[in-house]
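Note: the block below is structure_33.cif and it holds mmCIF, C-alpha atoms.
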```cif
data_run
#
loop_
_atom_site.label_atom_id
_atom_site.label_comp_id
_atom_site.auth_asym_id
_atom_site.auth_seq_id
_atom_site.Cartn_x
_atom_site.Cartn_y
_atom_site.Cartn_z
CA MET T 1 117.53 82.78 137.46
CA ILE T 2 120.46 84.83 138.73
CA SER T 3 119.55 87.44 141.30
CA GLU T 4 121.31 90.37 139.62
CA LEU T 5 118.75 90.56 136.79
CA PRO T 6 117.36 94.06 136.12
CA VAL T 7 113.77 94.75 137.08
CA LEU T 8 112.16 94.57 133.65
CA GLU T 9 109.13 96.65 134.59
CA ASP T 10 111.47 99.65 134.58
CA PHE T 11 112.19 99.29 130.85
CA SER T 12 110.28 99.50 127.62
CA LYS T 13 111.01 96.87 125.00
CA ASP T 14 113.15 99.38 123.14
CA ASP T 15 115.15 100.18 126.26
CA ILE T 16 115.81 96.49 126.76
CA LEU T 17 116.91 95.82 123.21
CA ASP T 18 119.17 98.87 123.33
CA LYS T 19 121.12 97.13 126.06
CA GLU T 20 122.08 94.18 123.87
CA GLY T 21 125.83 93.96 123.53
CA ASP T 22 127.89 93.40 120.39
CA ALA T 23 130.56 91.28 122.06
CA SER T 24 130.74 87.52 121.63
CA HIS T 25 127.94 85.69 123.35
CA PRO T 26 128.39 83.41 126.36
CA HIS T 27 128.19 79.71 125.66
CA PRO T 28 124.58 78.47 125.78
CA PHE T 29 125.59 75.90 128.39
CA TYR T 30 126.05 78.63 131.02
CA ILE T 31 122.67 80.16 130.20
CA LEU T 32 121.03 76.76 130.58
CA GLU T 33 122.96 75.97 133.77
CA GLN T 34 121.87 79.17 135.52
CA LYS T 35 118.52 79.48 133.71
CA SER T 36 119.51 83.02 132.80
CA VAL T 37 116.40 84.11 130.95
CA ALA T 38 114.29 87.25 131.23
CA CYS T 39 110.88 87.91 129.69
CA PHE T 40 109.20 91.12 128.65
CA PHE T 41 105.72 91.49 127.18
CA GLU T 42 104.69 93.71 124.29
CA PRO T 43 100.95 94.37 123.92
CA VAL T 44 98.92 93.29 120.90
CA LEU T 45 95.94 95.60 120.56
CA SER T 46 92.57 95.77 118.87
CA VAL T 47 91.56 99.34 118.08
CA GLN T 48 88.04 98.17 117.23
CA LYS T 49 87.68 96.62 120.70
CA MET T 50 89.70 99.41 122.33
CA GLY T 51 91.86 97.10 124.37
CA VAL T 52 94.84 94.81 124.77
CA ILE T 53 93.82 91.39 123.47
CA GLY T 54 97.13 89.67 124.10
CA LEU T 55 100.79 89.87 125.03
CA GLU T 56 103.70 88.80 122.86
CA THR T 57 106.61 87.45 124.86
CA VAL T 58 109.96 89.10 124.20
CA ARG T 59 112.32 86.35 125.33
CA LEU T 60 115.89 87.36 126.16
CA ALA T 61 118.87 85.48 127.47
CA VAL T 62 120.87 87.18 130.22
CA ASP T 63 124.64 87.00 130.18
CA PRO T 64 125.52 85.12 133.43
CA PHE T 65 128.80 87.05 133.65
CA ASP T 66 127.26 90.47 132.94
CA PRO T 67 123.59 90.61 134.04
CA SER T 68 123.09 94.02 132.40
CA ARG T 69 123.69 92.42 129.01
CA LEU T 70 120.68 90.90 127.25
CA ILE T 71 120.84 88.66 124.18
CA LYS T 72 118.26 87.79 121.56
CA PRO T 73 117.67 84.02 121.46
CA ARG T 74 117.93 84.11 117.67
CA ASP T 75 121.54 85.26 117.97
CA LEU T 76 122.31 82.32 120.23
CA PHE T 77 120.66 79.83 117.88
CA GLN T 78 122.39 81.24 114.82
CA ASN T 79 125.83 81.14 116.46
CA MET T 80 125.56 77.58 117.74
CA THR T 81 128.10 75.21 116.23
CA ALA T 82 127.37 71.66 115.17
CA GLU T 83 128.87 70.47 118.45
CA ASP T 84 126.37 72.61 120.37
CA SER T 85 123.31 71.65 118.33
CA HIS T 86 122.10 69.32 121.09
CA LEU T 87 121.54 72.44 123.24
CA ARG T 88 119.01 73.98 120.85
CA LEU T 89 115.96 72.14 122.12
CA PRO T 90 116.76 72.48 125.88
CA LEU T 91 117.38 76.20 125.40
CA ASP T 92 114.10 76.74 123.56
CA ARG T 93 112.22 74.74 126.21
CA LEU T 94 113.79 76.88 128.93
CA LEU T 95 112.55 79.96 127.09
CA TRP T 96 109.06 78.42 126.91
CA GLN T 97 109.10 77.69 130.64
CA LYS T 98 110.23 81.16 131.69
CA SER T 99 107.70 82.78 129.33
CA LEU T 100 104.83 80.75 130.77
CA GLU T 101 105.94 81.47 134.34
CA ALA T 102 106.04 85.22 133.61
CA PHE T 103 102.64 85.16 131.93
CA PHE T 104 100.82 83.17 134.63
CA PRO T 105 100.25 86.04 137.13
CA LEU T 106 99.08 88.31 134.31
CA GLN T 107 96.49 85.84 133.11
CA VAL T 108 95.24 85.37 136.65
CA LYS T 109 94.49 89.11 136.73
CA ALA T 110 93.11 89.20 133.17
CA PRO T 111 91.86 85.74 132.07
CA HIS T 112 90.85 87.01 128.63
CA LEU T 113 94.46 87.76 127.61
CA LEU T 114 96.14 85.75 124.85
CA MET T 115 99.80 84.88 125.14
CA PHE T 116 101.92 84.84 121.99
CA LEU T 117 104.64 82.25 122.64
CA ASP T 118 107.56 82.00 120.21
CA VAL T 119 108.91 78.61 119.20
CA GLU T 120 112.31 78.41 117.50
CA PRO T 121 111.72 76.81 114.06
CA SER T 122 115.20 75.28 113.90
CA VAL T 123 114.41 72.91 116.81
CA LEU T 124 111.54 71.28 114.92
CA GLU T 125 112.74 67.93 113.65
CA GLU T 126 111.24 64.49 113.13
CA SER T 127 111.90 63.54 116.75
CA THR T 128 110.55 66.75 118.32
CA VAL T 129 107.67 67.90 116.13
CA GLY T 130 105.25 65.50 117.85
CA SER T 131 106.48 66.12 121.39
CA TYR T 132 103.99 66.65 124.23
CA HIS T 133 106.48 68.83 126.11
CA LEU T 134 104.76 72.17 125.49
CA MET T 135 101.36 70.81 126.47
CA ILE T 136 102.82 69.35 129.68
CA GLN T 137 104.39 72.70 130.58
CA VAL T 138 101.10 74.51 130.00
CA ARG T 139 99.13 72.01 132.08
CA ASN T 140 101.67 72.20 134.90
CA MET T 141 101.17 75.98 134.97
CA GLU T 142 97.37 75.45 134.93
CA LEU T 143 97.09 77.65 131.86
CA ASP T 144 94.43 77.27 129.17
CA PRO T 145 96.00 76.16 125.85
CA ARG T 146 93.18 77.95 124.03
CA ARG T 147 94.68 81.20 125.33
CA ILE T 148 98.19 80.36 124.10
CA VAL T 149 99.17 81.38 120.56
CA VAL T 150 102.06 79.20 119.40
CA GLN T 151 104.06 81.45 117.11
CA LEU T 152 106.78 80.59 114.59
CA SER T 153 108.95 83.04 112.69
CA LEU T 154 109.61 82.91 108.95
CA ALA T 155 112.41 85.48 109.17
CA GLU T 156 114.93 82.80 108.26
CA GLN T 157 114.71 80.13 105.58
CA VAL T 158 112.85 77.22 107.15
CA ASN T 159 111.76 73.72 106.22
CA PRO T 160 107.97 73.97 105.77
CA TRP T 161 107.22 70.30 106.46
CA PRO T 162 108.07 70.15 110.21
CA ILE T 163 106.42 73.56 110.80
CA GLN T 164 103.22 72.35 109.19
CA ARG T 165 103.32 69.12 111.21
CA PHE T 166 104.02 71.03 114.44
CA VAL T 167 101.15 73.48 113.83
CA GLU T 168 98.71 70.63 113.14
CA PHE T 169 99.91 68.75 116.23
CA GLN T 170 99.58 71.71 118.62
CA ARG T 171 96.26 72.70 117.10
CA GLY T 172 94.97 69.30 118.14
CA PHE T 173 95.62 70.25 121.79
CA GLY T 174 93.60 73.46 121.42
CA PHE T 175 96.50 75.89 120.96
CA LEU T 176 96.03 78.82 118.61
CA THR T 177 98.73 79.16 115.97
CA SER T 178 100.47 82.09 114.33
CA LEU T 179 103.21 82.83 111.81
CA LYS T 180 105.27 86.00 112.25
CA ASP T 181 107.74 87.95 110.11
CA VAL T 182 105.70 87.03 107.05
CA SER T 183 106.21 89.03 103.86
CA SER T 184 104.24 89.42 100.64
CA HIS T 185 106.74 87.16 98.83
CA PRO T 186 104.96 84.42 96.84
CA HIS T 187 106.88 81.77 98.81
CA HIS T 188 105.46 83.10 102.09
CA LEU T 189 101.94 83.40 100.66
CA ASP T 190 102.11 79.80 99.47
CA PHE T 191 103.35 78.76 102.91
CA LEU T 192 100.44 80.64 104.46
CA SER T 193 97.98 78.63 102.37
CA ARG T 194 99.55 75.31 103.33
CA VAL T 195 99.86 75.94 107.07
CA ASN T 196 96.67 78.03 107.40
CA PRO T 197 97.40 79.40 110.91
CA ASP T 198 94.82 81.21 113.00
CA MET T 199 96.81 84.44 112.94
CA VAL T 200 99.70 86.00 111.07
CA LYS T 201 101.94 88.99 111.75
CA VAL T 202 103.31 90.99 108.84
CA GLU T 203 107.03 91.58 108.89
CA ASP T 204 107.89 94.89 110.55
CA LYS T 205 109.73 96.41 107.58
CA LEU T 206 106.61 96.16 105.41
CA VAL T 207 104.63 98.20 107.97
CA ARG T 208 107.26 100.83 108.77
CA GLY T 209 106.72 103.75 106.42
CA LEU T 210 103.48 102.25 105.10
CA ALA T 211 101.74 105.63 104.89
CA GLY T 212 104.39 107.08 102.57
CA SER T 213 105.03 104.17 100.20
CA ARG T 214 102.61 103.12 97.47
CA GLU T 215 104.68 100.00 96.84
CA LYS T 216 104.37 98.93 100.48
CA GLN T 217 100.67 99.73 100.46
CA ALA T 218 100.11 97.51 97.40
CA ASP T 219 102.10 94.65 98.98
CA PHE T 220 100.36 95.06 102.33
CA LEU T 221 96.88 95.16 100.80
CA GLY T 222 97.58 92.09 98.66
CA PHE T 223 98.88 90.22 101.70
CA LEU T 224 95.86 91.27 103.76
CA LYS T 225 93.38 90.08 101.13
CA LYS T 226 95.15 86.73 100.85
CA ALA T 227 95.14 86.17 104.62
CA HIS T 228 91.51 87.23 105.05
CA SER T 229 90.43 84.97 102.19
CA LEU T 230 91.82 82.09 104.26
CA GLY T 231 90.09 83.28 107.45
CA ILE T 232 93.36 84.37 109.09
CA LEU T 233 93.57 87.34 111.46
CA VAL T 234 96.29 89.84 110.53
CA THR T 235 98.50 91.76 112.95
CA ALA T 236 100.41 94.80 111.71
CA GLY T 237 103.57 94.77 113.80
CA GLY T 238 106.27 97.39 113.66
CA ILE T 239 103.84 100.32 114.04
CA GLU T 240 105.99 103.34 114.85
CA SER T 241 103.78 106.23 113.78
CA GLU T 242 100.16 107.21 113.90
CA GLU T 243 99.96 107.61 110.12
CA ASP T 244 101.20 104.05 109.50
CA ALA T 245 98.66 102.76 112.02
CA LEU T 246 95.82 104.65 110.33
CA VAL T 247 96.68 103.30 106.87
CA ALA T 248 96.95 99.75 108.21
CA LEU T 249 93.55 100.12 109.88
CA GLU T 250 91.97 101.62 106.76
CA PHE T 251 93.18 98.63 104.74
CA GLY T 252 91.48 96.32 107.26
CA THR T 253 94.21 95.00 109.55
CA ASP T 254 92.71 93.28 112.61
CA LEU T 255 95.36 93.91 115.28
CA VAL T 256 98.22 96.35 115.78
CA GLN T 257 101.50 96.25 117.65
CA GLY T 258 104.71 98.24 117.86
CA LYS T 259 106.65 101.14 119.32
CA TYR T 260 103.75 103.55 118.89
CA PHE T 261 101.94 101.66 121.66
CA SER T 262 104.85 100.52 123.83
CA LYS T 263 107.68 103.06 123.68
CA ASN T 264 108.60 105.09 126.76
CA TYR T 265 106.33 103.29 129.22
CA LYS T 266 108.28 102.86 132.43
CA LYS T 267 105.69 101.55 134.87
CA GLY T 268 103.71 98.33 134.56
CA PRO T 269 103.94 95.87 131.68
CA VAL T 270 100.31 95.80 130.51
CA PHE T 271 97.63 98.32 131.42
CA ILE T 272 98.91 101.90 131.13
CA LEU T 273 96.73 105.00 131.00
CA ASN T 274 99.04 106.63 128.45
CA ARG T 275 98.74 103.62 126.16
CA LYS T 276 94.96 103.69 126.50
CA SER T 277 94.86 107.40 125.78
CA ARG T 278 97.05 106.94 122.74
CA MET T 279 94.83 104.16 121.46
CA GLU T 280 91.70 106.25 122.06
CA PHE T 281 93.24 109.12 120.13
CA LEU T 282 94.11 106.78 117.26
CA ALA T 283 90.58 105.34 117.27
CA SER T 284 89.14 108.86 117.21
CA ARG T 285 91.24 109.80 114.17
CA PHE T 286 90.38 106.52 112.46
CA LYS T 287 86.68 107.16 113.05
CA ARG T 288 86.98 110.66 111.59
CA ARG T 289 88.75 109.25 108.53
CA LEU T 290 86.03 106.66 108.02
CA GLN T 291 83.35 109.32 108.41
CA GLY T 292 85.15 111.61 105.99
CA ARG T 293 85.44 108.83 103.43
CA ALA T 294 81.74 107.98 103.86
CA ASP T 295 80.83 111.65 103.40
CA ARG T 296 82.97 111.89 100.25
CA ASP T 297 81.41 108.71 98.85
CA ARG T 298 77.94 110.02 99.58
CA ASP T 299 78.71 113.39 97.97
CA LEU T 300 80.15 111.63 94.90
CA LYS T 301 77.01 109.53 94.60
CA LYS T 302 74.79 112.61 94.85
CA ARG T 303 76.74 114.41 92.13
CA CYS T 304 76.65 111.36 89.86
CA ASP T 305 72.92 110.95 90.45
CA ALA T 306 72.40 114.60 89.57
CA VAL T 307 74.27 114.18 86.26
CA ALA T 308 72.25 111.02 85.49
CA ALA T 309 68.97 112.82 86.22
CA SER T 310 69.97 115.69 83.93
CA LEU T 311 70.85 113.28 81.13
CA ALA T 312 67.51 111.47 81.48
CA ALA T 313 65.62 114.78 81.42
CA CYS T 314 67.40 115.93 78.28
CA LEU T 315 66.80 112.66 76.40
CA SER T 316 63.18 112.24 77.42
CA LYS T 317 62.21 115.02 75.01
CA ASN T 318 62.84 112.83 71.94
CA PRO T 319 62.03 109.18 71.05
CA ALA T 320 64.83 106.67 71.74
CA GLY T 321 65.21 105.99 68.03
CA ASP T 322 66.34 109.59 67.46
CA TRP T 323 68.98 109.63 70.18
CA ALA T 324 72.10 109.16 68.07
CA GLY T 325 72.51 112.91 67.55
CA ASP T 326 71.40 113.65 71.10
CA LEU T 327 74.13 111.47 72.59
CA LEU T 328 76.80 113.34 70.67
CA ALA T 329 75.41 116.70 71.78
CA LEU T 330 75.21 115.58 75.43
CA SER T 331 78.82 114.36 75.43
CA ARG T 332 79.85 117.93 74.62
CA SER T 333 77.53 119.48 77.22
CA PHE T 334 78.63 117.38 80.21
CA PRO T 335 82.42 117.53 80.85
CA GLN T 336 82.12 114.66 83.37
CA LEU T 337 81.03 112.24 80.64
CA GLU T 338 83.48 109.78 79.19
CA CYS T 339 81.15 107.46 77.28
CA LEU T 340 77.46 107.28 76.36
CA TYR T 341 75.71 104.30 74.78
CA LEU T 342 72.31 102.65 74.71
CA LEU T 343 71.38 99.02 75.46
CA ASN T 344 68.27 97.14 74.42
CA ALA T 345 66.18 94.93 76.71
CA GLU T 346 68.60 92.01 76.23
CA GLY T 347 71.60 94.09 77.30
CA VAL T 348 73.04 94.40 73.78
CA GLN T 349 74.51 97.75 72.80
CA VAL T 350 72.39 99.26 70.02
CA THR T 351 74.31 102.50 69.42
CA GLU T 352 77.92 103.29 68.82
CA THR T 353 79.71 104.53 71.95
CA VAL T 354 79.97 108.30 72.02
CA CYS T 355 83.29 108.86 73.76
CA SER T 356 84.96 112.09 74.87
CA GLN T 357 88.45 112.05 73.43
CA HIS T 358 89.56 114.65 75.97
CA HIS T 359 89.65 111.94 78.66
CA ILE T 360 91.86 109.45 76.84
CA PRO T 361 95.59 110.19 76.40
CA GLU T 362 96.79 109.35 72.90
CA ARG T 363 99.32 106.83 74.14
CA LYS T 364 96.49 104.81 75.80
CA CYS T 365 94.24 104.61 72.76
CA ILE T 366 95.55 101.15 71.83
CA LEU T 367 94.95 99.72 75.31
CA PHE T 368 91.61 101.38 76.03
CA GLN T 369 88.92 101.56 73.40
CA PRO T 370 85.15 102.14 73.59
CA SER T 371 82.88 99.16 73.06
CA PRO T 372 81.30 98.92 69.57
CA ARG T 373 77.65 98.48 68.63
CA GLY T 374 76.53 94.90 69.26
CA THR T 375 78.58 94.40 72.45
CA ASP T 376 76.79 92.22 75.01
CA HIS T 377 76.62 93.97 78.38
CA SER T 378 74.20 91.49 79.97
CA LEU T 379 76.86 90.37 82.46
CA ARG T 380 77.35 93.87 83.85
CA GLU T 381 76.06 94.45 87.39
CA PHE T 382 73.92 97.44 86.46
CA TYR T 383 71.97 95.43 83.85
CA HIS T 384 70.99 92.75 86.37
CA ALA T 385 70.23 95.35 89.06
CA LEU T 386 67.74 97.18 86.84
CA HIS T 387 66.12 94.04 85.41
CA SER T 388 65.72 92.37 88.80
CA ALA T 389 63.91 95.46 90.16
CA PRO T 390 61.92 97.05 87.31
CA ALA T 391 60.69 99.81 89.61
CA GLN T 392 64.29 100.97 90.06
CA ARG T 393 64.99 103.51 87.32
CA ARG T 394 68.64 104.28 87.97
CA TYR T 395 71.67 102.37 89.21
CA LEU T 396 75.16 103.65 90.03
CA THR T 397 78.14 101.29 90.07
CA GLU T 398 81.13 101.46 92.38
CA PRO T 399 84.24 103.16 90.92
CA TYR T 400 86.21 100.93 88.54
CA LEU T 401 88.95 101.20 85.93
CA SER T 402 87.22 101.82 82.61
CA MET T 403 88.37 99.69 79.69
CA SER T 404 87.12 102.45 77.42
CA SER T 405 89.39 105.18 78.76
CA GLY T 406 91.76 103.81 81.40
CA ASN T 407 90.36 106.25 83.98
CA LEU T 408 88.55 105.65 87.25
CA CYS T 409 84.86 105.79 86.40
CA VAL T 410 81.38 104.99 87.62
CA THR T 411 78.58 103.93 85.31
CA ALA T 412 75.19 105.55 85.75
CA ALA T 413 72.64 103.20 84.17
CA ILE T 414 69.24 104.75 83.50
CA ALA T 415 66.14 102.80 82.48
CA VAL T 416 64.49 105.03 79.89
CA GLY T 417 61.74 102.75 78.57
CA ASP T 418 58.59 101.09 79.81
CA PRO T 419 59.43 98.31 82.34
CA SER T 420 56.46 96.30 81.05
CA GLY T 421 57.54 96.57 77.43
CA ASP T 422 60.56 98.03 75.69
CA PHE T 423 63.31 98.50 78.25
CA PRO T 424 66.27 100.43 76.81
CA ILE T 425 69.03 101.37 79.23
CA LEU T 426 71.14 104.47 78.82
CA CYS T 427 74.68 103.99 80.13
CA ALA T 428 76.80 106.99 81.07
CA ASP T 429 80.40 106.45 82.17
CA LEU T 430 81.42 109.35 84.42
CA ASN T 431 85.00 110.31 85.19
CA VAL T 432 85.27 110.27 88.99
CA ALA T 433 87.94 112.95 89.02
CA LYS T 434 85.70 115.37 87.10
CA VAL T 435 82.32 114.75 88.73
#
```
Rendering of file as structure tokens:
Amino acid sequence: MISELPVLEDFSKDDILDKEGDASHPHPFYILEQKSVACFFEPVLSVQKMGVIGLETVRLAVDPFDPSRLIKPRDLFQNMTAEDSHLRLPLDRLLWQKSLEAFFPLQVKAPHLLMFLDVEPSVLEESTVGSYHLMIQVRNMELDPRRIVVQLSLAEQVNPWPIQRFVEFQRGFGFLTSLKDVSSHPHHLDFLSRVNPDMVKVEDKLVRGLAGSREKQADFLGFLKKAHSLGILVTAGGIESEEDALVALEFGTDLVQGKYFSKNYKKGPVFILNRKSRMEFLASRFKRRLQGRADRDRDLKKRCDAVAASLAACLSKNPAGDWAGDLLALSRSFPQLECLYLLNAEGVQVTETVCSQHHIPERKCILFQPSPRGTDHSLREFYHALHSAPAQRRYLTEPYLSMSSGNLCVTAAIAVGDPSGDFPILCADLNVAKV
């Protein structure tokens, strides 16, 4: 590597990328000839474990004629002509080599660290997808392939077949695998299912502004559920603010990465007190949010239980056969109530549903309607919960969208008969917003 390279420890990733020039790039031949490559590491963190679990390599080419000018490899690959295509693979292998060389002294100090190593998808062809070159480089550096995460980007349109073959091939050597720049687009989700990597990093633009966008939150949550259903760890990259990080963590993201953790650090590429302090502060806020949510859930449950107990006390004064008028009177006495109905021992509804019309907007009456007498509720969770434990007299469901009203509700199911004989169940749908 040319001697005039800047000392990268004096820059953050953002400082480095700010120095990229807009002028035409040098020919890749000169970069290969002088091995003009620089590497910078961005931390990947686990808030749950309160530490850096790995380092993602930021690989940059250095202009041999202007060492202060740094170039993204993707720009070089995209600008290569057909005549230069034979330089793609040597250039990517040079980037591998320099990344591994830069990572080696860090892993010696911290053997637990993972290294996220980018591989250019456009170099994967029939003749290269089964190459042993990466494994040879790792062995020559005496690195553990189980600590290397081979990472491929889906930012550009790629051929899925060679990527899938390459992932399977490298996995056989013990490498971990990851896809990055993955979106919630159905094409990417299908690709995720086929490749089934160990890890995946959400595209940065889906994470930026996550706290303030319901659309992004829905896409992010759907993506997260899909990945977790496949056993894939999810990294939220592009974290720039504390609020975005908190929302990502609340949704269940496993790892975090971005400017919030790496911006403005001028000394040392990995373990920085400021970064640790920032992570501890984030963890503290996340813990307070979780505790607050648990407290709110517990308070909601107490209020719902209190309403259910009051209903049971009011109805216990009369025989169950005379409850038709009582249900109507109770629906007027308890503003939290949306629906009241009674089930027999088989879970079949034996009364008409008494429904508060105040909770259902007129325009939703066609979509959401109360269940009629004779409806079978034996598949509902509360029915099985009460019948499997006869000593349990009440059961409260988790909040759900009611098909009777279109509102967020919980159902308080109350066993009002004799567990050894008749076993009617009173069901009260409570509007969560009004409890």
Per residue of range 150-185 of chain T within 9 Å of range 206-219 of chain T, which atom pair is closest and at what distance in Å (one decimal), using all atoms listed in the file, listed by chain and increasing number, as a tab-separated table?
```
residue	atom	partner	partner_atom	distance
T:Ser183	CA	T:Leu206	CA	7.3
T:Ser184	CA	T:Asp219	CA	5.9
T:His185	CA	T:Asp219	CA	8.8
```
Contacts of Gln392 in chain T within 9 Å, all atoms listed in the file, excl. fewer than 6 positions in-chain, as a PyMOL selection string: chain T and resi 385-386+415
Contact residues around Leu60 in chain T with only C-alpha atoms at 8 Å, ignoring same-chain residues under 4 positions, as a list in words: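 Near neighbours after the sequence-gap exclusion: Val37, Ala38, Cys39, Leu70, Ile71, Lys72 and Pro73 of chain T.
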One-decimal distance in Å that lies between CA of Thr253 in chain T and CA of Arg147 in chain T: 21.0 Å
Length of the CA of Cys355 in chain T to CA of Ser388 in chain T vector [Å]: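 Interatomic distance here is 28.4 Å.
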Explicit residue set for the PyMOL selection byres ((chain T and resi 119) around 9), as a ChimeraX atom specification: /T:92-93,95-96,117-118,120-124,150-153
Atom pair CA of Asn407 in chain T / CA of Ser310 in chain T: separation (Å):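 Those two atoms sit 22.5 Å apart.
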Spatial neighbours of Ala61 in chain T, 12 Å, all atoms listed in the file, chain gap at least 2 places, as a PyMOL selection string: chain T and resi 1-2+5+16-17+19-21+25-32+34-40+58-59+63-77+91-92+94-95+98-99
Write out, as a PDB file, in the frame of the given file, the residues just selected, with C-alpha atoms.
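See result.pdb below for the written result:
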```pdb
ATOM      1  CA  MET T   1     117.530  82.780 137.460  1.00  0.00           C
ATOM      2  CA  ILE T   2     120.460  84.830 138.730  1.00  0.00           C
ATOM      3  CA  LEU T   5     118.750  90.560 136.790  1.00  0.00           C
ATOM      4  CA  ILE T  16     115.810  96.490 126.760  1.00  0.00           C
ATOM      5  CA  LEU T  17     116.910  95.820 123.210  1.00  0.00           C
ATOM      6  CA  LYS T  19     121.120  97.130 126.060  1.00  0.00           C
ATOM      7  CA  GLU T  20     122.080  94.180 123.870  1.00  0.00           C
ATOM      8  CA  GLY T  21     125.830  93.960 123.530  1.00  0.00           C
ATOM      9  CA  HIS T  25     127.940  85.690 123.350  1.00  0.00           C
ATOM     10  CA  PRO T  26     128.390  83.410 126.360  1.00  0.00           C
ATOM     11  CA  HIS T  27     128.190  79.710 125.660  1.00  0.00           C
ATOM     12  CA  PRO T  28     124.580  78.470 125.780  1.00  0.00           C
ATOM     13  CA  PHE T  29     125.590  75.900 128.390  1.00  0.00           C
ATOM     14  CA  TYR T  30     126.050  78.630 131.020  1.00  0.00           C
ATOM     15  CA  ILE T  31     122.670  80.160 130.200  1.00  0.00           C
ATOM     16  CA  LEU T  32     121.030  76.760 130.580  1.00  0.00           C
ATOM     17  CA  GLN T  34     121.870  79.170 135.520  1.00  0.00           C
ATOM     18  CA  LYS T  35     118.520  79.480 133.710  1.00  0.00           C
ATOM     19  CA  SER T  36     119.510  83.020 132.800  1.00  0.00           C
ATOM     20  CA  VAL T  37     116.400  84.110 130.950  1.00  0.00           C
ATOM     21  CA  ALA T  38     114.290  87.250 131.230  1.00  0.00           C
ATOM     22  CA  CYS T  39     110.880  87.910 129.690  1.00  0.00           C
ATOM     23  CA  PHE T  40     109.200  91.120 128.650  1.00  0.00           C
ATOM     24  CA  VAL T  58     109.960  89.100 124.200  1.00  0.00           C
ATOM     25  CA  ARG T  59     112.320  86.350 125.330  1.00  0.00           C
ATOM     26  CA  ASP T  63     124.640  87.000 130.180  1.00  0.00           C
ATOM     27  CA  PRO T  64     125.520  85.120 133.430  1.00  0.00           C
ATOM     28  CA  PHE T  65     128.800  87.050 133.650  1.00  0.00           C
ATOM     29  CA  ASP T  66     127.260  90.470 132.940  1.00  0.00           C
ATOM     30  CA  PRO T  67     123.590  90.610 134.040  1.00  0.00           C
ATOM     31  CA  SER T  68     123.090  94.020 132.400  1.00  0.00           C
ATOM     32  CA  ARG T  69     123.690  92.420 129.010  1.00  0.00           C
ATOM     33  CA  LEU T  70     120.680  90.900 127.250  1.00  0.00           C
ATOM     34  CA  ILE T  71     120.840  88.660 124.180  1.00  0.00           C
ATOM     35  CA  LYS T  72     118.260  87.790 121.560  1.00  0.00           C
ATOM     36  CA  PRO T  73     117.670  84.020 121.460  1.00  0.00           C
ATOM     37  CA  ARG T  74     117.930  84.110 117.670  1.00  0.00           C
ATOM     38  CA  ASP T  75     121.540  85.260 117.970  1.00  0.00           C
ATOM     39  CA  LEU T  76     122.310  82.320 120.230  1.00  0.00           C
ATOM     40  CA  PHE T  77     120.660  79.830 117.880  1.00  0.00           C
ATOM     41  CA  LEU T  91     117.380  76.200 125.400  1.00  0.00           C
ATOM     42  CA  ASP T  92     114.100  76.740 123.560  1.00  0.00           C
ATOM     43  CA  LEU T  94     113.790  76.880 128.930  1.00  0.00           C
ATOM     44  CA  LEU T  95     112.550  79.960 127.090  1.00  0.00           C
ATOM     45  CA  LYS T  98     110.230  81.160 131.690  1.00  0.00           C
ATOM     46  CA  SER T  99     107.700  82.780 129.330  1.00  0.00           C
TER      47      SER T  99
END
```
Expected answer as a ChimeraX atom specification: all residues with atoms within 6 Å of (75.1, 106.1, 70.4), all atoms listed in the file: /T:324,327,341,351-354
Let's have the selection written as a short mmCIF file (atom, residue, chain, number, x, y, z; two decimals), in the coordinates of the input, with C-alpha atoms.
```cif
data_model
loop_
_atom_site.label_atom_id
_atom_site.label_comp_id
_atom_site.auth_asym_id
_atom_site.auth_seq_id
_atom_site.Cartn_x
_atom_site.Cartn_y
_atom_site.Cartn_z
CA ALA T 324 72.10 109.16 68.07
CA LEU T 327 74.13 111.47 72.59
CA TYR T 341 75.71 104.30 74.78
CA THR T 351 74.31 102.50 69.42
CA GLU T 352 77.92 103.29 68.82
CA THR T 353 79.71 104.53 71.95
CA VAL T 354 79.97 108.30 72.02
#
```
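The residues returned by the PyMOL selection byres ((chain T and resi 344-347) around 6) on the shown structure are Leu343, Val348, Asp376, His377, Ser378, Phe423 and Pro424 of chain T.
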Output of the PyMOL selection byres ((chain T and resi 233-241) around 10), listed as a ChimeraX atom specification: /T:44-46,178-181,197-211,220,223-225,227-228,230-232,242-246,248-249,252-263
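Proximity of T:Leu396, T:Val247, T:Leu114, T:Leu89 to Arg289 in chain T, computed with all atoms listed in the file, is greatest for T:Val247.
Restricting the calculation to only C-alpha atoms, the smallest distance between Val138 in chain T and any of T:Gln170, T:Asn159, T:Ser356, T:Gln369 is found for T:Gln170.
Candidate residues T:Val195, T:Cys427, T:Ile53, T:Leu311 were compared for distance to Glu168 in chain T, and the nearest is T:Val195, using all atoms listed in the file.
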